[in-house]
Each structure stands twice: as C-alpha cells, then as structure tokens.
file protein19.csv (CSV, C-alpha atoms (C1' of nucleotides))
chain,number,residue,atom,x,y,z
Z,1,MET,CA,33.4,-26.0,-5.2
Z,2,VAL,CA,32.2,-22.7,-4.0
Z,3,ARG,CA,31.7,-20.0,-6.7
Z,4,GLN,CA,29.7,-17.5,-4.7
Z,5,LYS,CA,30.1,-17.4,-1.0
Z,6,MET,CA,28.0,-14.3,-0.3
Z,7,LEU,CA,24.7,-15.9,0.4
Z,8,ARG,CA,22.3,-14.9,3.3
Z,9,HIS,CA,25.2,-15.9,5.5
Z,10,PRO,CA,28.7,-16.3,4.1
Z,11,VAL,CA,29.6,-19.9,3.2
Z,12,PRO,CA,32.4,-21.1,5.4
Z,13,GLY,CA,35.8,-20.6,3.8
Z,14,ASN,CA,37.0,-24.1,4.6
Z,15,LEU,CA,33.8,-25.8,3.3
Z,16,GLY,CA,35.8,-28.0,0.9
Z,17,LYS,CA,38.1,-29.2,3.7
Z,18,LEU,CA,35.1,-29.9,6.0
Z,19,LEU,CA,33.5,-32.0,3.3
Z,20,LYS,CA,36.5,-33.9,2.0
Z,21,ASN,CA,36.0,-37.7,2.3
Z,22,GLN,CA,32.8,-37.2,4.2
Z,23,ARG,CA,29.8,-39.6,3.7
Z,24,VAL,CA,26.2,-38.5,3.9
Z,25,ILE,CA,24.7,-40.3,6.8
Z,26,ASP,CA,21.2,-38.9,6.9
Z,27,VAL,CA,19.1,-36.0,5.6
Z,28,THR,CA,16.5,-34.4,7.8
Z,29,ARG,CA,14.7,-31.1,8.2
Z,30,ARG,CA,14.0,-28.5,10.9
Z,31,ALA,CA,11.7,-25.6,10.0
Z,32,LYS,CA,12.9,-24.6,6.5
Z,33,TYR,CA,16.5,-25.8,7.1
Z,34,VAL,CA,17.7,-28.9,5.4
Z,35,LEU,CA,20.1,-30.8,7.7
Z,36,ILE,CA,22.6,-33.1,6.1
Z,37,GLN,CA,24.4,-35.3,8.6
Z,38,LEU,CA,27.9,-36.2,7.7
Z,39,ASP,CA,30.5,-38.5,9.3
Z,40,ASP,CA,31.7,-35.5,11.2
Z,41,GLY,CA,29.2,-32.6,11.5
Z,42,HIS,CA,26.2,-31.4,9.7
Z,43,LEU,CA,25.5,-29.1,6.7
Z,44,ILE,CA,22.7,-26.6,7.5
Z,45,ILE,CA,21.1,-25.5,4.2
Z,46,HIS,CA,18.3,-23.0,3.6
Z,47,LEU,CA,16.8,-22.4,0.2
Z,48,GLY,CA,15.5,-18.9,0.9
Z,49,MET,CA,12.9,-17.8,-1.6
Z,50,THR,CA,14.4,-19.1,-4.8
Z,51,GLY,CA,17.0,-21.7,-3.9
Z,52,ASN,CA,17.1,-25.3,-5.0
Z,53,LEU,CA,19.3,-28.3,-4.5
Z,54,ARG,CA,19.7,-30.9,-7.2
Z,55,VAL,CA,21.5,-34.1,-7.4
Z,56,ILE,CA,22.9,-34.3,-11.0
Z,57,ASN,CA,25.0,-37.0,-12.7
Z,58,LYS,CA,27.8,-35.4,-14.7
Z,59,PRO,CA,26.4,-31.9,-14.4
Z,60,PRO,CA,26.5,-29.4,-17.2
Z,61,ALA,CA,28.7,-26.3,-16.9
Z,62,PRO,CA,27.5,-24.2,-14.0
Z,63,GLN,CA,25.1,-21.3,-14.8
Z,64,LYS,CA,25.1,-17.8,-13.4
Z,65,HIS,CA,23.3,-18.7,-10.1
Z,66,ASP,CA,24.8,-22.2,-9.5
Z,67,HIS,CA,26.8,-21.2,-6.4
Z,68,ILE,CA,28.0,-24.4,-4.9
Z,69,ASP,CA,28.8,-27.9,-6.2
Z,70,ILE,CA,29.4,-30.7,-3.8
Z,71,CYS,CA,31.1,-33.5,-5.7
Z,72,PHE,CA,30.8,-37.2,-4.8
Z,73,GLU,CA,33.2,-39.9,-6.0
Z,74,ASP,CA,30.8,-41.4,-8.6
Z,75,ASN,CA,30.4,-38.3,-10.8
Z,76,MET,CA,27.3,-37.2,-8.9
Z,77,VAL,CA,27.1,-33.6,-7.8
Z,78,LEU,CA,24.8,-31.9,-5.3
Z,79,ARG,CA,24.3,-28.5,-6.8
Z,80,TYR,CA,23.1,-25.5,-4.9
Z,81,THR,CA,21.4,-22.8,-7.0
Z,82,ASP,CA,19.9,-19.6,-5.7
Z,83,PRO,CA,19.3,-16.5,-7.9
Z,84,ARG,CA,18.4,-14.2,-5.1
Z,85,ARG,CA,20.9,-15.6,-2.6
Z,86,PHE,CA,18.4,-15.5,0.3
Z,87,GLY,CA,19.5,-19.0,1.4
Z,88,CYS,CA,22.6,-20.3,3.1
Z,89,VAL,CA,24.9,-23.2,3.3
Z,90,LEU,CA,26.6,-23.6,6.7
Z,91,HIS,CA,28.4,-26.3,8.6
Z,92,THR,CA,28.4,-27.2,12.2
Z,93,LYS,CA,30.2,-29.9,14.2
Z,94,ARG,CA,27.7,-29.7,17.1
Z,95,ASP,CA,24.1,-30.8,17.3
Z,96,PRO,CA,22.5,-28.6,14.6
Z,97,ASN,CA,19.6,-27.9,16.9
Z,98,LEU,CA,21.9,-26.0,19.1
Z,99,HIS,CA,23.1,-23.8,16.3
Z,100,LYS,CA,22.3,-20.1,16.7
Z,101,LEU,CA,19.9,-20.1,13.8
Z,102,LEU,CA,18.0,-23.2,15.1
Z,103,LYS,CA,18.1,-23.1,18.8
Z,104,SER,CA,15.2,-20.6,19.3
Z,105,LEU,CA,12.8,-22.1,16.8
Z,106,GLY,CA,9.3,-23.0,17.9
Z,107,PRO,CA,7.5,-26.3,17.2
Z,108,GLU,CA,6.9,-27.8,13.8
Z,109,PRO,CA,3.3,-26.8,12.7
Z,110,LEU,CA,2.3,-30.4,12.0
Z,111,SER,CA,3.6,-31.8,15.3
Z,112,GLU,CA,1.9,-32.4,18.6
Z,113,ASP,CA,3.9,-29.6,20.2
Z,114,PHE,CA,2.0,-27.0,18.2
Z,115,THR,CA,-1.2,-26.3,20.1
Z,116,PRO,CA,-3.9,-23.7,20.3
Z,117,GLU,CA,-2.9,-23.2,24.0
Z,118,ARG,CA,0.6,-22.4,23.0
Z,119,LEU,CA,-0.6,-19.7,20.6
Z,120,HIS,CA,-2.9,-18.3,23.2
Z,121,GLN,CA,-0.4,-18.3,26.0
Z,122,LEU,CA,2.5,-16.9,24.0
Z,123,SER,CA,0.4,-14.1,22.7
Z,124,ARG,CA,-0.9,-12.7,26.0
Z,125,LYS,CA,0.1,-9.0,26.3
Z,126,ARG,CA,1.6,-9.1,22.8
Z,127,LYS,CA,0.7,-6.1,20.8
Z,128,VAL,CA,2.2,-7.3,17.5
Z,129,ALA,CA,-0.2,-8.0,14.6
Z,130,VAL,CA,-1.5,-11.6,14.8
Z,131,LYS,CA,-0.1,-12.2,11.3
Z,132,ASN,CA,3.4,-11.2,12.4
Z,133,PHE,CA,2.9,-13.3,15.5
Z,134,ILE,CA,2.2,-16.6,13.5
Z,135,MET,CA,5.1,-15.8,11.1
Z,136,ASN,CA,7.5,-15.5,14.0
Z,137,GLY,CA,9.6,-18.7,14.0
Z,138,ALA,CA,9.9,-18.6,17.8
Z,139,VAL,CA,6.1,-19.1,17.9
Z,140,VAL,CA,5.7,-21.7,15.2
Z,141,VAL,CA,7.9,-22.4,12.2
Z,142,GLY,CA,6.9,-22.9,8.6
Z,143,VAL,CA,4.2,-20.2,8.3
Z,144,GLY,CA,5.3,-17.8,5.5
Z,145,ASN,CA,3.6,-14.8,4.1
Z,146,ILE,CA,1.2,-16.7,1.8
Z,147,TYR,CA,0.1,-19.3,4.3
Z,148,ALA,CA,-0.3,-16.7,7.0
Z,149,SER,CA,-2.8,-14.7,4.9
Z,150,GLU,CA,-4.7,-17.9,3.9
Z,151,SER,CA,-4.9,-19.3,7.5
Z,152,LEU,CA,-6.2,-16.0,8.9
Z,153,PHE,CA,-8.7,-15.8,6.1
Z,154,ARG,CA,-10.1,-19.2,6.8
Z,155,ALA,CA,-10.1,-18.6,10.6
Z,156,GLY,CA,-12.0,-15.3,10.1
Z,157,ILE,CA,-9.3,-13.2,11.9
Z,158,LEU,CA,-8.1,-9.8,10.5
Z,159,PRO,CA,-4.3,-10.0,10.0
Z,160,HIS,CA,-3.7,-6.7,11.8
Z,161,LYS,CA,-5.6,-7.6,14.9
Z,162,GLN,CA,-3.3,-7.5,18.0
Z,163,ALA,CA,-2.1,-11.0,18.8
Z,164,GLY,CA,-2.9,-10.5,22.5
Z,165,ARG,CA,-6.6,-9.7,21.7
Z,166,VAL,CA,-7.3,-12.9,19.9
Z,167,SER,CA,-9.3,-15.4,22.0
Z,168,LEU,CA,-8.4,-19.0,22.7
Z,169,GLN,CA,-11.4,-20.0,20.7
Z,170,LYS,CA,-10.1,-18.0,17.7
Z,171,TYR,CA,-6.6,-19.4,18.2
Z,172,THR,CA,-8.1,-22.9,18.2
Z,173,ALA,CA,-9.7,-22.2,14.8
Z,174,LEU,CA,-6.5,-20.6,13.5
Z,175,HIS,CA,-4.4,-23.5,14.7
Z,176,GLY,CA,-6.6,-25.9,12.8
Z,177,HIS,CA,-6.5,-23.8,9.6
Z,178,ILE,CA,-2.7,-23.4,9.7
Z,179,LYS,CA,-2.3,-27.1,9.8
Z,180,ALA,CA,-4.9,-27.6,7.1
Z,181,VAL,CA,-3.5,-25.0,4.8
Z,182,LEU,CA,0.1,-26.4,5.1
Z,183,ARG,CA,-1.1,-29.9,4.5
Z,184,GLU,CA,-3.0,-28.9,1.5
Z,185,ALA,CA,-0.1,-26.8,0.1
Z,186,ILE,CA,2.3,-29.7,0.6
Z,187,LYS,CA,-0.1,-32.1,-1.1
Z,188,ALA,CA,-0.4,-29.7,-4.0
Z,189,GLY,CA,3.3,-29.4,-4.4
Z,190,GLY,CA,3.7,-26.0,-3.0
Z,191,THR,CA,2.8,-22.5,-4.2
Z,192,THR,CA,4.3,-21.3,-7.5
Z,193,LEU,CA,4.2,-17.6,-7.8
Z,194,ARG,CA,6.8,-16.9,-10.3
Z,195,ASP,CA,9.6,-19.3,-10.8
Z,196,TYR,CA,9.4,-21.8,-8.0
Z,197,THR,CA,9.5,-25.5,-9.0
Z,198,ASN,CA,9.8,-28.7,-7.0
Z,199,ALA,CA,12.8,-31.0,-7.1
Z,200,ASP,CA,11.6,-32.5,-10.4
Z,201,GLY,CA,11.3,-29.1,-12.0
Z,202,PHE,CA,7.5,-28.9,-11.9
Z,203,ALA,CA,5.4,-25.9,-10.6
Z,204,GLY,CA,3.4,-26.3,-7.4
Z,205,TYR,CA,-0.3,-25.7,-8.0
Z,206,PHE,CA,-1.5,-24.5,-4.5
Z,207,SER,CA,-1.6,-21.0,-6.0
Z,208,GLN,CA,-4.9,-22.1,-7.7
Z,209,GLU,CA,-6.4,-22.7,-4.2
Z,210,LEU,CA,-5.5,-19.3,-2.7
Z,211,ASP,CA,-8.6,-17.5,-1.3
Z,212,ALA,CA,-6.9,-14.3,-0.2
Z,213,TYR,CA,-3.2,-14.0,-1.1
Z,214,GLY,CA,-2.6,-12.0,-4.3
Z,215,ARG,CA,-6.3,-11.4,-4.9
Z,216,LYS,CA,-6.5,-7.7,-4.1
Z,217,GLY,CA,-9.6,-6.2,-5.6
Z,218,GLU,CA,-11.0,-9.6,-6.6
Z,219,PRO,CA,-14.3,-10.9,-5.2
Z,220,CYS,CA,-14.2,-12.8,-1.9
Z,221,ASN,CA,-14.9,-16.6,-2.3
Z,222,ARG,CA,-17.0,-16.6,0.9
Z,223,CYS,CA,-19.1,-13.5,0.9
Z,224,ASP,CA,-20.0,-10.7,-1.5
Z,225,GLY,CA,-17.1,-8.5,-0.4
Z,226,VAL,CA,-13.8,-7.7,-2.1
Z,227,ILE,CA,-10.3,-8.8,-1.0
Z,228,LYS,CA,-8.3,-6.0,0.5
Z,229,MET,CA,-4.5,-5.6,0.7
Z,230,LYS,CA,-2.5,-3.9,3.4
Z,231,VAL,CA,1.2,-3.9,4.2
Z,232,ILE,CA,1.8,-5.3,7.7
Z,233,GLY,CA,5.3,-5.7,9.0
Z,234,GLN,CA,6.7,-4.9,5.5
Z,235,ARG,CA,4.7,-7.7,4.0
Z,236,SER,CA,1.7,-7.7,1.8
Z,237,SER,CA,-1.3,-9.0,3.6
Z,238,PHE,CA,-4.6,-9.9,2.0
Z,239,TYR,CA,-8.0,-10.2,3.8
Z,240,CYS,CA,-11.7,-9.7,3.6
Z,241,THR,CA,-13.4,-7.3,6.0
Z,242,GLY,CA,-16.7,-9.2,5.4
Z,243,CYS,CA,-15.3,-12.5,6.6
Z,244,GLN,CA,-12.6,-11.5,9.0
Z,245,ARG,CA,-12.8,-9.4,12.2
R,1,DA,C1',11.5,-8.8,26.1
R,2,DT,C1',9.2,-6.9,22.5
R,3,DC,C1',8.6,-4.4,18.4
R,4,DG,C1',9.2,-1.9,14.1
R,5,DC,C1',12.1,-1.3,10.6
R,6,DC,C1',15.9,-2.2,7.4
R,7,DT,C1',18.5,-5.3,4.7
R,8,DC,C1',20.2,-8.7,1.5
R,9,DC,C1',19.3,-10.0,-4.1
R,10,DT,C1',17.4,-10.7,-8.7
R,11,DG,C1',13.7,-11.3,-12.0
R,12,DC,C1',9.6,-9.9,-13.4
R,13,DG,C1',5.7,-6.8,-14.3
R,14,DC,C1',4.1,-2.6,-15.2
R,15,DG,C1',4.0,2.1,-17.1
R,16,DC,C1',5.6,5.4,-20.2
S,1,DT,C1',9.3,-2.4,-28.7
S,2,DG,C1',12.4,-1.0,-25.1
S,3,DC,C1',13.8,0.8,-21.0
S,4,DG,C1',13.8,1.7,-16.2
S,5,DC,C1',11.7,1.7,-11.9
S,6,DG,C1',9.5,-0.7,-8.0
S,7,DC,C1',8.0,-4.7,-5.9
S,8,DA,C1',8.3,-9.4,-3.9
S,9,DG,C1',9.8,-12.3,-0.1
S,10,DG,C1',12.5,-15.3,4.7
S,11,DA,C1',14.5,-14.0,8.4
S,12,DG,C1',18.5,-12.1,10.9
S,13,DG,C1',20.0,-7.9,13.0
S,14,DC,C1',19.7,-3.6,15.1
S,15,DG,C1',18.0,0.4,17.6
S,16,DA,C1',14.5,2.1,20.6

call {"tool": "encode", "arguments": {"input": "protein19.csv", "output": "structure tokens"}}
result
Amino acid sequence: MVRQKMLRHPVPGNLGKLLKNQRVIDVTRRAKYVLIQLDDGHLIIHLGMTGNLRVINKPPAPQKHDHIDICFEDNMVLRYTDPRRFGCVLHTKRDPNLHKLLKSLGPEPLSEDFTPERLHQLSRKRKVAVKNFIMNGAVVVGVGNIYASESLFRAGILPHKQAGRVSLQKYTALHGHIKAVLREAIKAGGTTLRDYTNADGFAGYFSQELDAYGRKGEPCNRCDGVIKMKVIGQRSSFYCTGCQR
DNA sequence: ATCGCCTCCTGCGCGC
DNA sequence: TGCGCGCAGGAGGCGA
C-alpha cells in the first residue's frame, strides 16, 4: 500500500501489481541502496537521511511519515518510513547493478577494489575539492559528509585542497582512514545527530567519537588549535588548520 | 568530462 | 513561552 509516492524519485504506480504474490529471495546492498531480490525483479530502496524500514507483525495504524506498507501473507508488514522523503523505493526487472542509479557507482570502500592508486589516478587534473572528490559516488561509495570530514582530519588533509594536488602518499593515508572511520562507525552503530536510530530503535554512538564534524570553535583533539568550519560544495566541512594542510 | 549550484523535505535549534 | 526563520543532509539533475 503506497500512501505517499513522491519520494526522492516517484514510487512506481504499479508497485502493488509488481509485488503481488512475489517471494523475497535475498536481501543485499550496494552503496546505500538496499536490494531486495524477488521471484521476478528487485526492489531498490534508499533510506536517504531519515528513512527506515521495519518488519512489523500486525502493525499499528500508519503515522504521518509511514509512506509504504508491503504486506506479507502472515500479517507481517515491511513498513517504509521517511519524514524527509529523501529516500526512494523503486523496482527493476533487470540486474539492479545495471539500473541508472547504480551503474556508475565506484567500489565499496571496504572492498579490495578501493585502493590508494584509484584515488590518486582518478584525481589527476581534477580541480574539485578533495572532500567533494571522496564524496563522489563514482569515485568511492559510502563516504557521506560526516565521514569525509573525519577521514580528512585523520589524514591531515585540508578538505578544500584540490583533489589533483594531493599526493599518492597522502591518498594512501586517506584511503586507510576512510576504511578505519567507516569500520569504527559501523561498529558503534552509526552516527546519531538528531533522530537517527538503528533497526532496533537505538541511537548510534559514533557521534561521541567525532574529532572534527560539528565541533566548530571547539579545541582540536590533536593540537592546540581550534576546529574551523567552511561550506564546501554546499556542505559544512570541519577541519583544523594546525593538523591539516 | 568536469564542476558548481540548485533542489527535494521536515524537524529542530536558535533568536527575538 | 511562543513563534518564525534558517539550517541540515544524499545525491540526481542541470547549465556552463
């Protein structure tokens, strides 16, 4: 049942028909997309900033932001909720990796395909800020605004430095820190800023570990400097001029 | 091809 | 205390 079809991308008008009598065969992930394999086709789901998916037995009446219910034959419901509607629920009959939204994505950050050499090679002659560069899904997926600031802080690279002017040595450090930051954040259950919770409704606590993000004006954890903030590519970026260059 | 900018949306925090 | 404004963010899309 679709109550609100205007998400980041419109929900297919025939979603109900596409899902009728379908079984869930497998659930996987690519970048920040959840891929649900059905008998015929895949659901492609993104949670945006504020979305969540819950499996509920005999669910209560839907609330304001409960946009989609996918009902199974045993009273179980997969409920998609997203206050800001930055996510999407799409369907494809083809290999989901060939879908327009997925086909140009770069490697998973925790996979072997993500290497310092890739960062270095792809960045040659690129004038874009290194922070924007690592947030570009064609370069590497999964690095959002918070983890970009944190990785660059640890690697000692200023976020607004041109991507093409960062050395292989620096990219090697950055590569390691991106992986470490993401692993730590996953282990901590994610980063709760305002209202994010995990699938069990608990807040992630990686926000307690942040050295740079959101700490404008606060003392640097590494030197006697102060954390600065600058908007880069329409996103807040936090850094320390003592530690990063 | 690359880059900068705009947009979607709602809840929250801040200032008056 | 209450109200209203502005900000936050993932990522597609567009114009230059």

call {"tool": "closest_residue", "arguments": {"input": "protein19.csv", "among": "Z:Cys88, Z:Ser149, Z:Gln234, Z:Lys58", "to": "chain R", "atoms": "all atoms listed in the file"}}
result
Z:Gln234

call {"tool": "closest_atom_pairs", "arguments": {"input": "protein19.csv", "of": "chain Z", "to": "chain S", "cutoff": "10 Å", "atoms": "only C-alpha atoms (C1' of nucleotides)", "output": "CSV"}}
result
residue,atom,partner,partner_atom,distance
Z:Arg8,CA,S:DG12,C1',8.9
Z:His9,CA,S:DG12,C1',9.4
Z:Lys32,CA,S:DG10,C1',9.5
Z:His46,CA,S:DG10,C1',9.7
Z:Leu47,CA,S:DG10,C1',9.4
Z:Gly48,CA,S:DG10,C1',6.0
Z:Met49,CA,S:DG9,C1',6.5
Z:Thr50,CA,S:DG9,C1',9.5
Z:Phe86,CA,S:DG10,C1',7.4
Z:Gly87,CA,S:DG10,C1',8.6
Z:Leu101,CA,S:DG12,C1',8.6
Z:Met135,CA,S:DG10,C1',9.8
Z:Asn136,CA,S:DA11,C1',9.1
Z:Gly137,CA,S:DA11,C1',8.8
Z:Gly144,CA,S:DG10,C1',7.7
Z:Asn145,CA,S:DG9,C1',7.9
Z:Ile146,CA,S:DG9,C1',9.8
Z:Leu193,CA,S:DA8,C1',10.0
Z:Arg194,CA,S:DA8,C1',10.0
Z:Gln234,CA,S:DG9,C1',9.8
Z:Arg235,CA,S:DG9,C1',8.0
Z:Ser236,CA,S:DA8,C1',8.9

call {"tool": "interface_residues", "arguments": {"input": "protein19.csv", "of": "chain Z", "to": "chain R", "cutoff": "8 Å", "atoms": "only C-alpha atoms (C1' of nucleotides)", "output": "VMD selection string"}}
result
chain Z and resid 8 83 to 86 126 128 233

call {"tool": "atom_distance", "arguments": {"input": "protein19.csv", "atom1": "atom CA of Z:Ala173", "atom2": "atom CA of Z:Val139"}}
result
16.4 Å

call {"tool": "atom_distance", "arguments": {"input": "protein19.csv", "atom1": "atom CA of Z:Asp74", "atom2": "atom CA of Z:Ile25"}}
result
16.6 Å

call {"tool": "closest_residue", "arguments": {"input": "protein19.csv", "among": "Z:Val130, Z:Val2, Z:Ala138, Z:Val143", "to": "Z:Thr81", "atoms": "all atoms listed in the file"}}
result
Z:Val2

call {"tool": "decode", "arguments": {"input": "protein19.csv", "residues": "stretch 42-65 of chain Z", "atoms": "C-alpha atoms", "output": "mmCIF file, in the first residue's frame"}}
result
data_model
loop_
_atom_site.group_PDB
_atom_site.id
_atom_site.type_symbol
_atom_site.label_atom_id
_atom_site.label_comp_id
_atom_site.auth_asym_id
_atom_site.auth_seq_id
_atom_site.Cartn_x
_atom_site.Cartn_y
_atom_site.Cartn_z
ATOM 1 C CA HIS Z 42 14.347 -6.413 -7.492
ATOM 2 C CA LEU Z 43 13.258 -3.649 -5.202
ATOM 3 C CA ILE Z 44 15.823 -0.843 -4.987
ATOM 4 C CA ILE Z 45 15.405 1.067 -1.740
ATOM 5 C CA HIS Z 46 17.311 4.080 -0.402
ATOM 6 C CA LEU Z 47 16.711 5.445 3.076
ATOM 7 C CA GLY Z 48 18.020 8.919 2.341
ATOM 8 C CA MET Z 49 18.807 10.802 5.513
ATOM 9 C CA THR Z 50 15.929 9.863 7.721
ATOM 10 C CA GLY Z 51 14.337 6.754 6.261
ATOM 11 C CA ASN Z 52 13.860 3.428 7.936
ATOM 12 C CA LEU Z 53 12.478 0.025 7.083
ATOM 13 C CA ARG Z 54 10.835 -2.098 9.735
ATOM 14 C CA VAL Z 55 9.346 -5.547 9.718
ATOM 15 C CA ILE Z 56 6.299 -5.393 11.962
ATOM 16 C CA ASN Z 57 3.799 -8.050 12.988
ATOM 17 C CA LYS Z 58 0.242 -6.666 12.817
ATOM 18 C CA PRO Z 59 1.410 -3.058 12.530
ATOM 19 C CA PRO Z 60 -0.328 -0.179 14.273
ATOM 20 C CA ALA Z 61 -2.196 2.400 12.195
ATOM 21 C CA PRO Z 62 0.242 4.233 9.938
ATOM 22 C CA GLN Z 63 1.664 7.525 11.139
ATOM 23 C CA LYS Z 64 2.215 10.653 9.113
ATOM 24 C CA HIS Z 65 5.505 9.558 7.541
#
